[in-house]
>>> print(open('run31.txt').read())   # compact mmCIF, C-alpha atoms and all ligand atoms
# COMPACT_ATOMS: atom_id res chain seq x y z
CA MET A 9 275.55 90.28 -10.09
CA PRO A 10 278.23 88.75 -7.73
CA ARG A 11 279.32 85.13 -8.29
CA CYS A 12 277.79 82.47 -5.98
CA THR A 13 280.50 80.84 -3.87
CA PRO A 14 279.91 77.86 -1.56
CA ARG A 15 280.82 78.65 2.10
CA GLY A 16 280.27 77.00 5.47
CA ARG A 17 283.51 75.32 6.61
CA ARG A 18 284.32 77.99 9.26
CA ASN A 19 282.45 76.74 12.36
CA ASN A 20 285.59 75.30 13.91
CA GLY A 21 284.60 75.87 17.58
CA ALA A 22 280.92 74.86 17.26
CA ASP A 23 279.54 71.54 18.41
CA GLY A 24 278.23 68.91 15.93
CA LEU A 25 274.61 70.09 15.73
CA GLU A 26 275.54 73.79 15.33
CA ARG A 27 278.15 72.95 12.68
CA TRP A 28 275.60 70.87 10.78
CA ALA A 29 272.99 73.69 10.93
CA GLY A 30 275.56 76.28 9.75
CA GLN A 31 276.64 74.15 6.79
CA TRP A 32 273.01 73.49 5.86
CA ARG A 33 272.23 77.27 5.88
CA SER A 34 275.28 78.01 3.70
CA THR A 35 274.29 75.30 1.22
CA ALA A 36 270.73 76.67 1.04
CA ARG A 37 272.10 80.23 0.48
CA TYR A 38 274.39 78.96 -2.31
CA ALA A 39 271.53 77.03 -3.98
CA SER A 40 269.11 79.99 -3.95
CA CYS A 41 271.85 82.31 -5.28
CA TRP A 42 272.59 79.85 -8.13
CA VAL A 43 268.88 79.49 -9.03
CA ALA A 44 268.42 83.30 -9.09
CA GLN A 45 271.46 83.79 -11.38
CA THR A 46 270.39 80.92 -13.63
CA LEU A 47 266.88 82.35 -14.09
CA ALA A 48 268.28 85.82 -14.82
CA GLY A 49 270.67 84.32 -17.38
CA VAL A 50 267.95 82.27 -19.12
CA GLY A 51 265.68 85.31 -19.36
CA ALA A 52 268.42 87.39 -20.90
CA GLN A 53 269.18 84.66 -23.46
CA GLU A 54 265.58 84.45 -24.64
CA HIS A 55 264.39 88.04 -24.55
CA PRO A 56 266.56 90.90 -25.76
CA ASP A 57 264.67 93.41 -23.61
CA LEU A 58 265.78 91.59 -20.48
CA MET A 59 269.46 91.78 -21.36
CA ALA A 60 269.73 95.24 -19.85
CA GLU A 61 268.55 93.86 -16.52
CA SER A 62 271.38 91.35 -16.09
CA SER A 63 275.07 91.58 -16.97
CA SER A 64 275.89 87.94 -16.05
CA PRO A 65 274.39 85.34 -18.39
CA GLY A 66 274.86 82.30 -16.07
CA PRO A 67 274.79 78.70 -17.35
CA THR A 68 273.36 78.29 -20.88
CA PRO A 69 270.06 76.34 -20.75
CA ALA A 70 269.51 73.26 -22.91
CA ARG A 71 267.94 74.17 -26.31
CA SER A 72 265.41 71.82 -27.79
CA MET A 73 263.53 71.55 -31.11
CA THR A 74 260.63 70.02 -29.16
CA VAL A 75 259.34 73.47 -28.14
CA PRO A 76 259.10 75.05 -31.64
CA LEU A 77 257.69 71.84 -33.16
CA THR A 78 255.08 71.66 -30.40
CA GLY A 79 254.32 75.39 -30.77
CA PHE A 80 253.75 75.12 -34.55
CA ALA A 81 251.71 71.90 -34.15
CA VAL A 82 249.43 73.40 -31.48
CA GLY A 83 248.99 76.58 -33.57
CA ALA A 84 248.05 74.51 -36.65
CA VAL A 85 245.53 72.45 -34.67
CA VAL A 86 243.92 75.63 -33.25
CA ALA A 87 243.66 77.16 -36.77
CA VAL A 88 242.02 73.99 -38.17
CA LEU A 89 239.60 73.74 -35.23
CA LEU A 90 238.55 77.38 -35.72
CA GLY A 91 237.93 76.71 -39.42
CA VAL A 92 235.80 73.65 -38.56
CA PHE A 93 233.89 75.73 -36.01
CA GLY A 94 233.39 78.50 -38.60
CA ARG A 95 231.75 75.97 -40.94
CA ALA A 96 229.70 74.09 -38.30
CA HIS A 97 228.38 77.07 -36.34
CA ASP A 98 225.21 78.88 -37.52
CA PRO A 99 226.19 82.57 -37.99
CA THR A 100 224.26 84.96 -35.74
CA LEU A 101 224.45 88.62 -34.74
CA ALA A 102 223.19 87.70 -31.25
CA GLY A 103 226.02 88.13 -28.77
CA THR A 104 227.82 90.80 -30.81
CA THR A 105 228.33 94.52 -30.22
CA THR A 106 228.81 97.58 -32.42
CA LEU A 107 230.68 99.61 -29.74
CA GLY A 108 228.50 102.58 -30.77
CA PHE A 109 229.27 102.32 -34.48
CA ARG A 110 226.40 102.05 -36.96
CA THR A 111 227.06 98.38 -37.77
CA VAL A 112 229.23 95.48 -36.56
CA LEU A 113 231.08 95.68 -39.86
CA ALA A 114 231.93 99.38 -39.36
CA MET A 115 233.17 98.62 -35.84
CA LYS A 116 235.37 95.76 -37.14
CA VAL A 117 236.91 97.98 -39.82
CA VAL A 118 237.87 100.71 -37.32
CA VAL A 119 239.21 98.26 -34.70
CA THR A 120 241.14 96.40 -37.40
CA VAL A 121 242.83 99.64 -38.51
CA ALA A 122 243.99 100.06 -34.88
CA ILE A 123 245.23 96.43 -34.93
CA GLY A 124 247.21 97.14 -38.11
CA VAL A 125 248.86 100.22 -36.55
CA ILE A 126 249.75 98.27 -33.38
CA ALA A 127 251.18 95.41 -35.50
CA VAL A 128 253.52 97.80 -37.34
CA LEU A 129 254.61 99.37 -34.03
CA GLN A 130 255.23 95.86 -32.59
CA LEU A 131 257.43 94.98 -35.57
CA LEU A 132 259.46 98.20 -35.22
CA GLY A 133 259.73 97.67 -31.44
CA ALA A 134 260.94 94.08 -31.87
CA LEU A 135 263.58 95.17 -34.43
CA TRP A 136 264.76 97.88 -32.03
CA LEU A 137 264.94 95.42 -29.11
CA TYR A 138 267.01 93.05 -31.27
CA GLY A 139 269.39 95.94 -32.09
CA LYS A 140 268.46 96.03 -35.78
CA LEU A 141 267.66 99.75 -35.94
CA GLY A 142 271.16 101.04 -35.23
CA ALA A 143 270.43 102.92 -31.96
CA ALA A 144 270.30 101.20 -28.54
CA ALA A 145 266.78 100.38 -27.29
CA PRO A 146 265.61 102.54 -24.33
CA PRO A 147 265.00 100.62 -21.05
CA TRP A 148 261.20 101.18 -21.15
CA LEU A 149 260.80 99.65 -24.62
CA GLY A 150 260.47 96.02 -23.40
CA THR A 151 257.57 96.92 -21.10
CA ALA A 152 255.90 99.12 -23.74
CA HIS A 153 256.26 96.28 -26.30
CA ARG A 154 254.58 93.83 -23.89
CA VAL A 155 251.71 96.20 -23.00
CA SER A 156 250.92 97.20 -26.61
CA GLY A 157 251.25 93.55 -27.68
CA SER A 158 248.72 92.50 -25.04
CA ILE A 159 246.29 95.21 -26.18
CA GLY A 160 246.76 94.01 -29.76
CA VAL A 161 246.02 90.39 -28.77
CA LEU A 162 242.78 91.45 -27.02
CA LEU A 163 241.65 93.47 -30.06
CA ILE A 164 242.45 90.59 -32.45
CA ALA A 165 240.48 88.13 -30.28
CA PHE A 166 237.60 90.63 -30.15
CA VAL A 167 237.39 91.13 -33.94
CA ALA A 168 238.01 87.43 -34.72
CA TYR A 169 235.16 86.49 -32.38
CA HIS A 170 232.81 88.87 -34.24
CA CYS A 171 233.88 87.42 -37.61
CA LEU A 172 233.67 83.76 -36.58
CA TRP A 173 230.50 84.09 -34.54
CA ALA A 174 228.51 86.41 -36.84
CA LEU A 175 229.75 85.23 -40.25
CA GLY A 176 231.79 82.03 -39.96
CA LEU A 177 234.18 80.67 -42.58
CA GLU A 178 232.29 81.40 -45.81
CA TYR A 179 232.84 79.77 -49.19
CA GLY A 180 230.75 78.63 -52.17
CA THR A 181 227.32 80.25 -52.08
CA LEU A 182 225.53 81.92 -49.14
CA PRO A 183 221.99 80.77 -48.13
CA ASP A 184 220.55 83.80 -49.99
CA GLY A 185 222.23 82.62 -53.21
CA GLU A 186 225.01 85.25 -53.18
CA PRO A 187 228.38 83.83 -54.29
CA VAL A 188 231.25 84.18 -51.78
CA SER A 189 234.21 86.07 -53.26
CA THR A 190 237.72 84.64 -53.33
CA ARG A 191 238.82 87.58 -51.16
CA THR A 192 236.29 86.67 -48.48
CA LEU A 193 237.41 83.02 -48.47
CA VAL A 194 241.10 83.99 -48.37
CA HIS A 195 240.38 86.43 -45.54
CA GLY A 196 238.50 83.78 -43.51
CA ILE A 197 241.36 81.27 -43.86
CA LEU A 198 243.92 83.96 -42.97
CA GLY A 199 241.84 84.89 -39.91
CA CYS A 200 241.98 81.29 -38.62
CA LEU A 201 245.73 81.12 -39.32
CA VAL A 202 246.28 84.40 -37.41
CA ILE A 203 244.79 82.91 -34.25
CA GLY A 204 246.90 79.75 -34.71
CA ALA A 205 250.04 81.90 -35.17
CA LEU A 206 249.08 83.86 -32.05
CA VAL A 207 249.10 80.62 -30.04
CA THR A 208 252.51 79.68 -31.50
CA LYS A 209 253.84 83.15 -30.61
CA VAL A 210 252.64 82.83 -27.01
CA VAL A 211 254.47 79.48 -26.75
CA ALA A 212 257.63 81.17 -28.13
CA VAL A 213 257.41 84.08 -25.65
CA ARG A 214 256.80 81.82 -22.65
CA SER A 215 259.40 79.15 -23.50
CA ARG A 216 262.78 79.17 -21.75
CA HIS A 217 264.22 76.21 -23.66
CA ALA A 218 263.55 76.99 -27.34
CA PRO A 219 266.32 77.85 -29.82
CA GLY A 220 266.94 81.60 -30.25
CA TRP A 221 265.36 81.71 -33.75
CA PHE A 222 261.94 80.54 -32.53
CA LEU A 223 260.71 83.86 -31.08
CA PRO A 224 261.60 86.07 -34.10
CA VAL A 225 260.29 83.45 -36.56
CA ALA A 226 256.99 83.05 -34.65
CA GLY A 227 256.67 86.84 -34.37
CA GLY A 228 257.45 87.35 -38.06
CA LEU A 229 254.91 84.68 -39.06
CA LEU A 230 252.22 86.29 -36.89
CA PHE A 231 252.98 89.75 -38.32
CA THR A 232 252.84 88.50 -41.93
CA LEU A 233 249.55 86.60 -41.52
CA LEU A 234 248.00 89.45 -39.52
CA MET A 235 248.88 92.08 -42.12
CA ALA A 236 247.47 89.82 -44.86
CA ALA A 237 244.21 89.48 -42.85
CA VAL A 238 244.08 93.27 -42.35
CA LEU A 239 244.75 93.94 -46.06
CA THR A 240 242.02 91.50 -47.20
CA SER A 241 239.43 93.03 -44.86
CA ALA A 242 239.75 96.58 -43.45
CA VAL A 243 242.12 97.94 -46.11
CA TRP A 244 240.00 96.40 -48.88
CA TYR A 245 236.89 97.92 -47.29
CA LEU A 246 238.45 101.39 -46.95
CA ALA A 247 239.63 101.31 -50.57
CA ALA A 248 236.25 100.11 -51.89
CA LYS A 249 233.82 102.02 -49.65
CA GLY A 250 235.71 104.68 -47.70
CA TRP A 251 235.88 105.33 -43.94
CA PRO A 252 232.83 103.76 -42.18
CA ALA A 253 231.84 106.96 -40.35
CA SER A 254 231.35 108.69 -43.69
CA GLY A 255 228.10 106.89 -44.48
CA TYR A 256 228.47 103.06 -44.16
C1 LIG A 301 239.01 83.96 -36.97
C2 LIG A 301 238.83 83.78 -38.23
C3 LIG A 301 238.12 84.77 -39.12
C4 LIG A 301 237.12 84.46 -39.99
C5 LIG A 301 236.54 83.09 -40.24
C6 LIG A 301 236.71 85.70 -40.63
C7 LIG A 301 235.70 85.80 -41.58
C8 LIG A 301 235.21 86.96 -42.09
C9 LIG A 301 234.16 87.08 -43.06
C10 LIG A 301 233.41 85.91 -43.68
C11 LIG A 301 233.97 88.38 -43.31
C12 LIG A 301 232.94 89.01 -44.29
C13 LIG A 301 233.63 89.32 -45.57
C14 LIG A 301 232.66 89.84 -46.60
O1 LIG A 301 231.47 89.96 -46.31
O2 LIG A 301 233.10 90.13 -47.71
C15 LIG A 301 234.88 89.11 -42.49
C16 LIG A 301 234.98 90.50 -42.45
C17 LIG A 301 235.93 91.20 -41.77
N1 LIG A 301 236.95 90.68 -41.00
FE1 LIG A 301 237.19 88.71 -40.56
N2 LIG A 301 237.48 86.72 -40.15
C18 LIG A 301 238.36 86.20 -39.23
C19 LIG A 301 239.33 86.89 -38.52
C20 LIG A 301 239.56 88.26 -38.63
C21 LIG A 301 240.62 88.98 -37.99
C22 LIG A 301 241.71 88.34 -37.10
C23 LIG A 301 240.50 90.28 -38.35
C24 LIG A 301 241.38 91.45 -37.97
C25 LIG A 301 242.67 91.38 -37.98
C26 LIG A 301 239.33 90.40 -39.18
C27 LIG A 301 238.84 91.59 -39.70
C28 LIG A 301 237.70 91.71 -40.50
C29 LIG A 301 237.14 92.96 -40.98
C30 LIG A 301 237.70 94.35 -40.69
C31 LIG A 301 236.02 92.65 -41.75
C32 LIG A 301 235.07 93.67 -42.44
C33 LIG A 301 235.58 94.02 -43.83
C34 LIG A 301 235.16 92.95 -44.83
O3 LIG A 301 233.97 92.85 -45.14
O4 LIG A 301 236.05 92.22 -45.29
N3 LIG A 301 238.80 89.15 -39.33
N4 LIG A 301 235.63 88.25 -41.76
>>> encode(input="run31.txt", output="structure tokens", more="lines below")
Ligand code: HEM
Amino acid sequence: MPRCTPRGRRNNGADGLERWAGQWRSTARYASCWVAQTLAGVGAQEHPDLMAESSSPGPTPARSMTVPLTGFAVGAVVAVLLGVFGRAHDPTLAGTTTLGFRTVLAMKVVVTVAIGVIAVLQLLGALWLYGKLGAAAPPWLGTAHRVSGSIGVLLIAFVAYHCLWALGLEYGTLPDGEPVSTRTLVHGILGCLVIGALVTKVVAVRSRHAPGWFLPVAGGLLFTLLMAAVLTSAVWYLAAKGWPASGY
């Protein structure tokens, strides 16, 4: 991208009003050029996939700890609120869907397997974008990473809704006297933390003023919690009872 240079001192023959208008237009052109280069530079600093789109980094934006601290705080509050909701709300199957599977549980297991696969692909894609896999990332990878990440977020929200709404955050003993297993409690807490981490990750992706470590740390935290939630639910189910279509 060419450098922005201020111009507008060449209207030697023009009268006062024309000279003033010419200088004003040049100043406006210089300002819009500077803003465009600054935005391109900030984007490239934050997101490795945007680096290929701009070769000139522009002025370095101010970095602040306020953004990550706010992101983690908001994520923690969301996780706690979901847990409180999971305890206060009366579980009900009304307002849920099976998507054609035999039960809601079978549907959740299958969708969660898809979430697990997407999560692994997201991790590999992020490592590639950050240049950690040796080979240079192809230009389409940033877009593919965003699209598959958005699909993953929708699927997580979908399954989490069915867990929270139909079952809630279970611990102790259920109304029918059945004791709640430690796995179930751990899974419920992890599920709430996953949604909180998702909120923190969105803050990290959207922020233009956070330190460079915030995005990979928020992404790594989300991946770790998500995989733990998948392992304590769908993977446990598959190991204990087999693939849902085969009879459950
Ligand atoms: C939002 C907070 C969440 C809460 C409170 C929650 C709670 C629960 C509970 C109580 C169960 C029943 C466990 C049992 O009967 O043994 C369950 C099952 C399940 N959950 Fe969640 N969950 C949450 C989020 C998630 C998320 C984000 C996923 C996917 C990544 C997920 C996937 C599953 C699956 C596949 C099952 C069925 C397998 C099983 O019985 O464990 N849940 N959830």
>>> residues_near_ligand(input="run31.txt", ligand="ligand LIG 301 (chain A)", cutoff="8 Å", atoms="only C-alpha atoms and all ligand atoms", output="ChimeraX atom specification")
/A:90-91,94,113-121,123-124,164-165,167-172,175-178,188-189,191-193,195-203,234-235,237-238,240-245
>>> atom_distance(input="run31.txt", atom1="CA of Trp221 in chain A", atom2="CA of Leu135 in chain A")
13.6 Å
>>> atom_distance(input="run31.txt", atom1="CA of Ser215 in chain A", atom2="CA of Val82 in chain A")
14.0 Å
>>> residues_near_point(input="run31.txt", point="(255.1, 74.6, -28.0)", cutoff="12 Å", atoms="all atoms listed in the file", output="PyMOL selection string")
chain A and resi 72-85+204-219+222-223+226
>>> atom_distance(input="run31.txt", atom1="CA of Val112 in chain A", atom2="CA of Ala152 in chain A")
29.8 Å
>>> closest_residue(input="run31.txt", among="A:Ala145, A:Leu162, A:Leu239, A:Ala174", to="Leu101 in chain A", atoms="only C-alpha atoms")
A:Ala174
>>> closest_residue(input="run31.txt", among="A:Tyr179, A:Leu137, A:Ala122, A:Trp173", to="Ile159 in chain A", atoms="all atoms listed in the file")
A:Ala122
>>> residues_around(input="run31.txt", residues="Val155 in chain A", least_positions_apart="5", cutoff="12 Å", atoms="all atoms listed in the file", output="list of chain:residue names")
A:Ile126, A:Leu129, A:Gln130, A:Gly133, A:Trp148, A:Leu149, A:Gly150, A:Gly160, A:Val161, A:Leu162
>>> build_atoms(input="run31.txt", residues="range 78-106 of chain A", atoms="N, CA and C atoms", output="CSV table (one decimal), in the frame of the given file")
chain,number,residue,atom,x,y,z
A,78,THR,N,256.3,71.7,-31.1
A,78,THR,CA,255.1,71.7,-30.4
A,78,THR,C,254.3,73.0,-30.6
A,79,GLY,N,255.0,74.1,-30.6
A,79,GLY,CA,254.3,75.4,-30.8
A,79,GLY,C,253.6,75.5,-32.1
A,80,PHE,N,254.3,75.1,-33.2
A,80,PHE,CA,253.8,75.1,-34.6
A,80,PHE,C,252.6,74.1,-34.7
A,81,ALA,N,252.8,72.9,-34.1
A,81,ALA,CA,251.7,71.9,-34.2
A,81,ALA,C,250.4,72.4,-33.4
A,82,VAL,N,250.6,72.9,-32.2
A,82,VAL,CA,249.4,73.4,-31.5
A,82,VAL,C,248.7,74.5,-32.2
A,83,GLY,N,249.6,75.5,-32.8
A,83,GLY,CA,249.0,76.6,-33.6
A,83,GLY,C,248.2,76.1,-34.8
A,84,ALA,N,248.7,75.1,-35.5
A,84,ALA,CA,248.0,74.5,-36.6
A,84,ALA,C,246.7,73.9,-36.2
A,85,VAL,N,246.8,73.1,-35.1
A,85,VAL,CA,245.5,72.4,-34.7
A,85,VAL,C,244.5,73.5,-34.3
A,86,VAL,N,244.9,74.6,-33.6
A,86,VAL,CA,243.9,75.6,-33.2
A,86,VAL,C,243.3,76.3,-34.5
A,87,ALA,N,244.2,76.5,-35.5
A,87,ALA,CA,243.7,77.2,-36.8
A,87,ALA,C,242.6,76.2,-37.4
A,88,VAL,N,242.9,74.9,-37.5
A,88,VAL,CA,242.0,74.0,-38.2
A,88,VAL,C,240.7,73.9,-37.4
A,89,LEU,N,240.8,73.8,-36.1
A,89,LEU,CA,239.6,73.7,-35.2
A,89,LEU,C,238.7,75.0,-35.4
A,90,LEU,N,239.3,76.2,-35.5
A,90,LEU,CA,238.6,77.4,-35.7
A,90,LEU,C,237.8,77.3,-37.1
A,91,GLY,N,238.5,76.8,-38.1
A,91,GLY,CA,237.9,76.7,-39.4
A,91,GLY,C,236.7,75.8,-39.4
A,92,VAL,N,236.9,74.6,-38.7
A,92,VAL,CA,235.8,73.6,-38.6
A,92,VAL,C,234.6,74.3,-37.8
A,93,PHE,N,234.9,75.0,-36.7
A,93,PHE,CA,233.9,75.7,-36.0
A,93,PHE,C,233.2,76.7,-36.9
A,94,GLY,N,234.0,77.5,-37.7
A,94,GLY,CA,233.4,78.5,-38.6
A,94,GLY,C,232.4,77.9,-39.6
A,95,ARG,N,232.7,76.6,-40.0
A,95,ARG,CA,231.8,76.0,-40.9
A,95,ARG,C,230.5,75.4,-40.2
A,96,ALA,N,230.8,74.8,-39.0
A,96,ALA,CA,229.7,74.1,-38.3
A,96,ALA,C,228.7,75.0,-37.6
A,97,HIS,N,229.2,76.2,-37.1
A,97,HIS,CA,228.4,77.1,-36.3
A,97,HIS,C,227.4,77.9,-37.2
A,98,ASP,N,226.2,78.1,-36.8
A,98,ASP,CA,225.2,78.9,-37.5
A,98,ASP,C,225.5,80.4,-37.2
A,99,PRO,N,225.9,81.2,-38.2
A,99,PRO,CA,226.2,82.6,-38.0
A,99,PRO,C,225.0,83.3,-37.4
A,100,THR,N,225.3,84.2,-36.4
A,100,THR,CA,224.3,85.0,-35.7
A,100,THR,C,224.8,86.3,-35.2
A,101,LEU,N,224.0,87.3,-35.3
A,101,LEU,CA,224.4,88.6,-34.7
A,101,LEU,C,224.2,88.7,-33.2
A,102,ALA,N,223.4,87.7,-32.7
A,102,ALA,CA,223.2,87.7,-31.2
A,102,ALA,C,224.5,87.5,-30.6
A,103,GLY,N,224.7,88.3,-29.5
A,103,GLY,CA,226.0,88.1,-28.8
A,103,GLY,C,227.1,88.9,-29.4
A,104,THR,N,226.8,89.9,-30.3
A,104,THR,CA,227.8,90.8,-30.8
A,104,THR,C,227.5,92.2,-30.4
A,105,THR,N,228.5,93.1,-30.6
A,105,THR,CA,228.3,94.5,-30.2
A,105,THR,C,228.8,95.4,-31.4
A,106,THR,N,228.3,96.6,-31.4
A,106,THR,CA,228.8,97.6,-32.4
A,106,THR,C,229.7,98.6,-31.8
